[in-house]
Structures are given as structure tokens and as C-alpha cells.
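J.: Starting off with a structure, shown below.
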Amino acid sequence: MKIATWNINGVKARIDNLLAWLEESQPDIACLQEIKSVDENFPRLEIEALGYHVETHGQKGFNGVAILSKLRFDEVNRRLPGDETDEQSRFIEGVFSTSAGALRVVSLYLPNGNPVGTEKFPYKLGWMERLERWTAGRLALEEPLVLAGDYNVIAKPIDAKNPSAWVDDALFQPETREAFRRLEWLGMTDAIRAVTDEQLFTFWDYQAGAWQKDNGIRIDHLLLSPEAGRHLSSAAVEKHVRAWEKPSDHVPVAIDLALEAAA
DNA sequence: ATGGTTGCTCGGCAA
């Protein structure tokens with residue numbers, strides 16, 4: 001079963017790329033971030049025509065996440081618990097029936113947190129604390145769990161072409177990196193790092209020729225519970241998508257799990 | 001380089 005995550009930076013601007021990518025990559029489950037659309041305007045008909053079920057959690061103008069799945073959703077949960085006042089659409093969980101029992105897949109768009117020194121940074125850290133608590137609860141179920149999305153976290157210096165350029169950025173603060181490590185300490189595995197130590201990027205800024213200079217960062221991650229990680233057979237960044245016409249500034253990251261949809 | 005580019009929405013924010 002192929003599970004992918006992609007920050008598409010606007011579903012309206014990216015619909016042609018999204019449909020082309022779905023046909024080429026053929027993910028069984030696709031987690032999207034920054035759909036920048038309300039649910040009513042999400043182009044579900046075109047996507048359903050390719051054989052996907054569609055669940056969204058959007059808002060006007062910014063943020064917004066979605067899960068597309070060739071498997072039927074058994075359950076859908078929107079919003080990360082822990083702060084009833086949080087109005088930003090950044091979290092959706094789908095539950096699916098597989099050969100290994102219930103599979104839980106989350107599409108998350110973790111707050112950017114810039115600039116550090118404003119209320120945006122503590123919002124990011126608070127969101128990461130809520131995610132840690134939620135994940136601890138799900139891990140107690142001892143089920144396959146995939147947390148996929150744009151984490152806005154540069155976990156290690158190797159995950160940036162120029163780490164020194166990011167030292168004042170929320171994505172690379174010690175508190176940010178520690179909060180990410182706490183998710184790993186809970187028992188979650190960074191799928192890419194389970195298969196390779198090489199330098200890989202998932203985001204290149206639109207500005208200053210970042211793509212042409214390969215000045216990128218790796219901030220889109222799939223974290224796996226032990227029960228998901230034991231089925232991991234491959235993980236890869238689909239870098240070529242960044243060279244398409246009218247690209248997102250992020251590219252898809254995909255894993256294969258040796259699991260099948262329940263009969 | 002206190003710049004640069006894109007999306008959403010048509011001024012200014014978010015990234």
C-alpha cells in the first residue's frame with residue numbers, strides 16, 4: 001500500500017498538477033496540505049473520477065488539509081484535540097481496514113511559527129505538544145499509524161542545504177527540533193531516515209532561484225508507529241514534480257507498506 | 001541582498 005504526503009500550496013492553482021500526479025504516482029492514500037479552500041469548493045468530482053474517496057478539512061484562504069483514498073474511510077476525525085479555541089484547519093485523520101487491522105493515517109499541516117518572537121512561535125510549540133499527547137494516546141492502541149504532512153521542522157542540519165541560513169527561523173529552533181525528537185522518542189520512526197542517510201529535500205522556496213541552486217530543506221515527513229514501521233518496504237521523495245509547470249514549492253513524499261486493503 | 005516569488009483575493013498577509 002502506497003501512502004503519500006504533499007503540500008500542494010492551493011488546490012485551485014494546482015488541480016492540473018494534482019490530477020497528473022495521482023495518475024502517475026498512483027498512491028492508495030494521499031495526504032494533502034495547504035489546500036487553501038473551503039470544503040464546498042474542493043474539486044472532489046475530478047478526484048473521485050480517478051477512483052478516490054475524498055475527505056477534507058478546509059478553511060477560507062489559508063491552511064486546510066485533505067485525505068484522498070482508494071480505500072473506503074471507516075472513520076474520519078477532524079481537528080487536533082487540546083485547544084477548543086484553535087480555529088485553524090491543520091489536522092484530519094482517516095481510519096481504514098487492512099490486512100494488518102485498522103490503519104490510521106493523519107494529514108497534518110504543522111504551524112510555520114515565523115517570525116520567532118511573535119505569538120506564532122508559541123502557537124507552533126503548543127500545537128506540537130498537543131500532537132505529542134494525541135500521538136501517545138494513539139500509540140497505546142498498538143495499531144499501524146502514519147502521521148504524514150508538512151511538519152515545518154528541519155530536524156537536523158543535514159536536512160538543509162545551508163543550515164546556517166535557518167538558525168533564526170522557527171523551522172530550525174532548538175525547541176522545534178526537540179519537540180520533533182519527542183515524537184520520535186515516543187516510538188515514531190521518520191520513514192525516510194529508516195531507509196537512507198542521504199541529504200534529501202522536499203521544499204524549495206519560489207524566491208531567489210532556490211530550486212535552480214538546489215537550495216532546499218526537508219520538512220515534509222511521514223512518522224510511523226512500530227506497527228506501521230514493521231511493514232515499511234520503501235520511502236522516497238518524488239523530486240521531479242518540482243520541475244513541472246506551475247509547481248508547488250513542496251514535492252510529494254511516499255512510502256510503501258507491505259499491507260493490503262481488507263478483503 | 002531587510003531582497004526575492006507565489007497564492008488567495010484584489011490590499012495585504014502568509015509562506
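Starting from 1 in every chain, residues are counted up; chains themselves are A, B, ... following the order of the C-alpha cells, and ligands are numbered from 1 as listed.
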Tell me which protein, DNA and RNA residues are within 7 Å of Thr56 (chain A), counting only C-alpha atoms (C1' of nucleotides), leaving out same-chain ones fewer than 4 positions away, and put them as a VMD selection string.
T.: chain A and resid 39 65 to 67
J.: I need the chosen residues saved as a PDB file, in the first residue's frame, with all heavy atoms.
T.:
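This went into result-v2.pdb:
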```pdb
ATOM      1  N   ASP A  39     -14.365  23.547   2.142  1.00  0.00           N
ATOM      2  CA  ASP A  39     -14.735  22.189   1.731  1.00  0.00           C
ATOM      3  C   ASP A  39     -15.651  22.196   0.504  1.00  0.00           C
ATOM      4  O   ASP A  39     -15.518  21.357  -0.383  1.00  0.00           O
ATOM      5  CB  ASP A  39     -15.417  21.463   2.900  1.00  0.00           C
ATOM      6  CG  ASP A  39     -14.470  21.269   4.095  1.00  0.00           C
ATOM      7  OD1 ASP A  39     -13.247  21.212   3.876  1.00  0.00           O
ATOM      8  OD2 ASP A  39     -14.962  21.182   5.230  1.00  0.00           O
ATOM      9  N   VAL A  65      -6.434  20.830   5.041  1.00  0.00           N
ATOM     10  CA  VAL A  65      -5.841  19.523   4.786  1.00  0.00           C
ATOM     11  C   VAL A  65      -6.890  18.598   4.187  1.00  0.00           C
ATOM     12  O   VAL A  65      -8.099  18.871   4.295  1.00  0.00           O
ATOM     13  CB  VAL A  65      -5.270  18.907   6.090  1.00  0.00           C
ATOM     14  CG1 VAL A  65      -4.004  19.649   6.522  1.00  0.00           C
ATOM     15  CG2 VAL A  65      -6.303  18.914   7.212  1.00  0.00           C
ATOM     16  N   ALA A  66      -6.428  17.524   3.552  1.00  0.00           N
ATOM     17  CA  ALA A  66      -7.354  16.568   2.945  1.00  0.00           C
ATOM     18  C   ALA A  66      -6.705  15.204   2.899  1.00  0.00           C
ATOM     19  O   ALA A  66      -5.472  15.083   2.960  1.00  0.00           O
ATOM     20  CB  ALA A  66      -7.731  17.010   1.524  1.00  0.00           C
ATOM     21  N   ILE A  67      -7.539  14.170   2.820  1.00  0.00           N
ATOM     22  CA  ILE A  67      -7.058  12.812   2.555  1.00  0.00           C
ATOM     23  C   ILE A  67      -7.851  12.265   1.375  1.00  0.00           C
ATOM     24  O   ILE A  67      -9.097  12.327   1.363  1.00  0.00           O
ATOM     25  CB  ILE A  67      -7.222  11.882   3.779  1.00  0.00           C
ATOM     26  CG1 ILE A  67      -6.441  12.423   4.990  1.00  0.00           C
ATOM     27  CG2 ILE A  67      -6.741  10.470   3.439  1.00  0.00           C
ATOM     28  CD1 ILE A  67      -6.609  11.581   6.257  1.00  0.00           C
TER      29      ILE A  67
END
```
J.: For chain B, list the residues within 7 Å of chain A, counting only C-alpha atoms (C1' of nucleotides), and write the list as an mmCIF file with N, CA and C atoms (P, O5', C5', C4', C3', O3' and C1' of nucleotides), in the first residue's frame.
T.:
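File selection24.cif, as written:
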```cif
data_model
loop_
_atom_site.group_PDB
_atom_site.id
_atom_site.type_symbol
_atom_site.label_atom_id
_atom_site.label_comp_id
_atom_site.auth_asym_id
_atom_site.auth_seq_id
_atom_site.Cartn_x
_atom_site.Cartn_y
_atom_site.Cartn_z
ATOM 1 P P DG B 4 13.255 42.659 -4.757
ATOM 2 O "O5'" DG B 4 13.058 41.165 -5.219
ATOM 3 C "C5'" DG B 4 14.108 40.458 -5.874
ATOM 4 C "C4'" DG B 4 13.949 38.975 -5.619
ATOM 5 C "C3'" DG B 4 12.546 38.439 -5.947
ATOM 6 O "O3'" DG B 4 12.534 37.921 -7.275
ATOM 7 C "C1'" DG B 4 13.270 37.711 -3.776
ATOM 8 P P DT B 5 11.238 37.869 -8.099
ATOM 9 O "O5'" DT B 5 10.360 36.691 -7.495
ATOM 10 C "C5'" DT B 5 10.826 35.353 -7.553
ATOM 11 C "C4'" DT B 5 9.716 34.414 -7.123
ATOM 12 C "C3'" DT B 5 8.403 34.597 -7.894
ATOM 13 O "O3'" DT B 5 7.914 33.314 -8.237
ATOM 14 C "C1'" DT B 5 8.018 34.773 -5.569
ATOM 15 P P DT B 6 6.834 33.137 -9.447
ATOM 16 O "O5'" DT B 6 5.547 32.626 -8.671
ATOM 17 C "C5'" DT B 6 5.622 31.406 -7.952
ATOM 18 C "C4'" DT B 6 4.540 31.370 -6.900
ATOM 19 C "C3'" DT B 6 3.124 31.602 -7.431
ATOM 20 O "O3'" DT B 6 2.467 30.344 -7.419
ATOM 21 C "C1'" DT B 6 3.535 32.654 -5.316
ATOM 22 P P DG B 7 0.953 30.226 -7.998
ATOM 23 O "O5'" DG B 7 0.079 30.482 -6.694
ATOM 24 C "C5'" DG B 7 0.183 29.583 -5.601
ATOM 25 C "C4'" DG B 7 -0.854 29.934 -4.558
ATOM 26 C "C3'" DG B 7 -2.235 30.254 -5.134
ATOM 27 O "O3'" DG B 7 -3.205 29.550 -4.390
ATOM 28 C "C1'" DG B 7 -1.477 32.046 -3.776
ATOM 29 P P DC B 8 -4.772 29.578 -4.868
ATOM 30 O "O5'" DC B 8 -5.421 30.654 -3.886
ATOM 31 C "C5'" DC B 8 -5.362 30.444 -2.467
ATOM 32 C "C4'" DC B 8 -5.892 31.671 -1.757
ATOM 33 C "C3'" DC B 8 -7.230 32.183 -2.315
ATOM 34 O "O3'" DC B 8 -8.061 32.573 -1.230
ATOM 35 C "C1'" DC B 8 -5.648 33.909 -2.282
#
```
J.: Please return as a ChimeraX atom specification: the residues of region 44-204 of chain A that backbone DSSP assigns to strand (DSSP E or B).
T.: /A:53-57,65-69,75-78,91-98,101-109,116,118,145-150,160,189-190,203-204
J.: Just the residues within 6 Å of region 228-244 of chain A, please, counting only C-alpha atoms (C1' of nucleotides), with nothing from its chain fewer than 2 positions along; format it as a PyMOL selection string.
T.: chain A and resi 144-145+192+224-226+247+251-258
J.: Write to file, as a compact mmCIF listing (two decimals), in the first residue's frame, the residues of the selection just made, with C-alpha atoms.
T.:
```txt
# COMPACT_ATOMS: atom_id res chain seq x y z
CA PRO A 144 -0.42 0.88 12.43
CA LEU A 145 -0.36 4.70 12.47
CA ILE A 192 12.87 8.48 5.07
CA LEU A 224 5.35 5.63 11.60
CA SER A 225 4.25 3.75 14.69
CA PRO A 226 6.09 0.45 15.34
CA PRO A 247 4.74 23.67 -9.38
CA VAL A 251 7.13 17.87 -3.56
CA PRO A 252 5.41 14.59 -2.60
CA VAL A 253 7.00 12.08 -0.22
CA ALA A 254 5.74 8.50 -0.42
CA ILE A 255 6.14 5.20 1.41
CA ASP A 256 5.19 1.65 0.61
CA LEU A 257 3.83 -0.54 3.39
CA ALA A 258 3.55 -4.29 2.92
```
J.: Could you pull out all residues of region 47-153 of chain A with a DSSP call of alpha helix (DSSP H) and give them as a list in words?
T.: Ile47, Glu48, Lys120, Phe121, Pro122, Tyr123, Lys124, Leu125, Gly126, Trp127, Met128, Glu129, Arg130, Leu131, Glu132, Arg133, Trp134, Thr135, Ala136, Gly137, Arg138 and Leu139 of chain A
J.: For CA of Leu147 (chain A) and CA of Met1 (chain A), quote the distance in Å rounded to one decimal.
T.: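 Interatomic distance, CA of Leu147 (chain A) to CA of Met1 (chain A): 15.2 Å.
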J.: To one decimal in Å, tell me the separation between CA of Leu68 (chain A) and CA of Trp21 (chain A).
T.: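 Computing it gives 12.6 Å between the two atoms.
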J.: Please compute the CA of Glu55 (chain A)-CA of Thr176 (chain A) distance, one decimal, in Å.
T.: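 That distance, rounded to one decimal, is 29.1 Å.
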J.: Pick out the residues sitting within 8 Å of Arg177 (chain A), and hand them over as number ranges by chain; count only C-alpha atoms (C1' of nucleotides), and ignore anything fewer than 6 positions along from it in its own chain.
T.: A: 153-156, 171
J.: Got time to write the residues from that selection, N, CA and C atoms, as a compact mmCIF listing (two decimals), in the first residue's frame?
T.:
```txt
# COMPACT_ATOMS: atom_id res chain seq x y z
N VAL A 153 9.39 21.47 10.12
CA VAL A 153 10.50 21.17 11.03
C VAL A 153 11.69 20.68 10.20
N ILE A 154 12.82 21.40 10.33
CA ILE A 154 14.11 20.91 9.82
C ILE A 154 14.75 20.16 10.99
N ALA A 155 14.72 18.82 10.93
CA ALA A 155 15.07 18.03 12.11
C ALA A 155 16.56 18.08 12.42
N LYS A 156 17.39 18.08 11.37
CA LYS A 156 18.84 18.03 11.56
C LYS A 156 19.52 18.92 10.53
N LEU A 171 11.56 27.06 11.92
CA LEU A 171 11.64 25.67 11.48
C LEU A 171 12.87 24.94 12.03
```
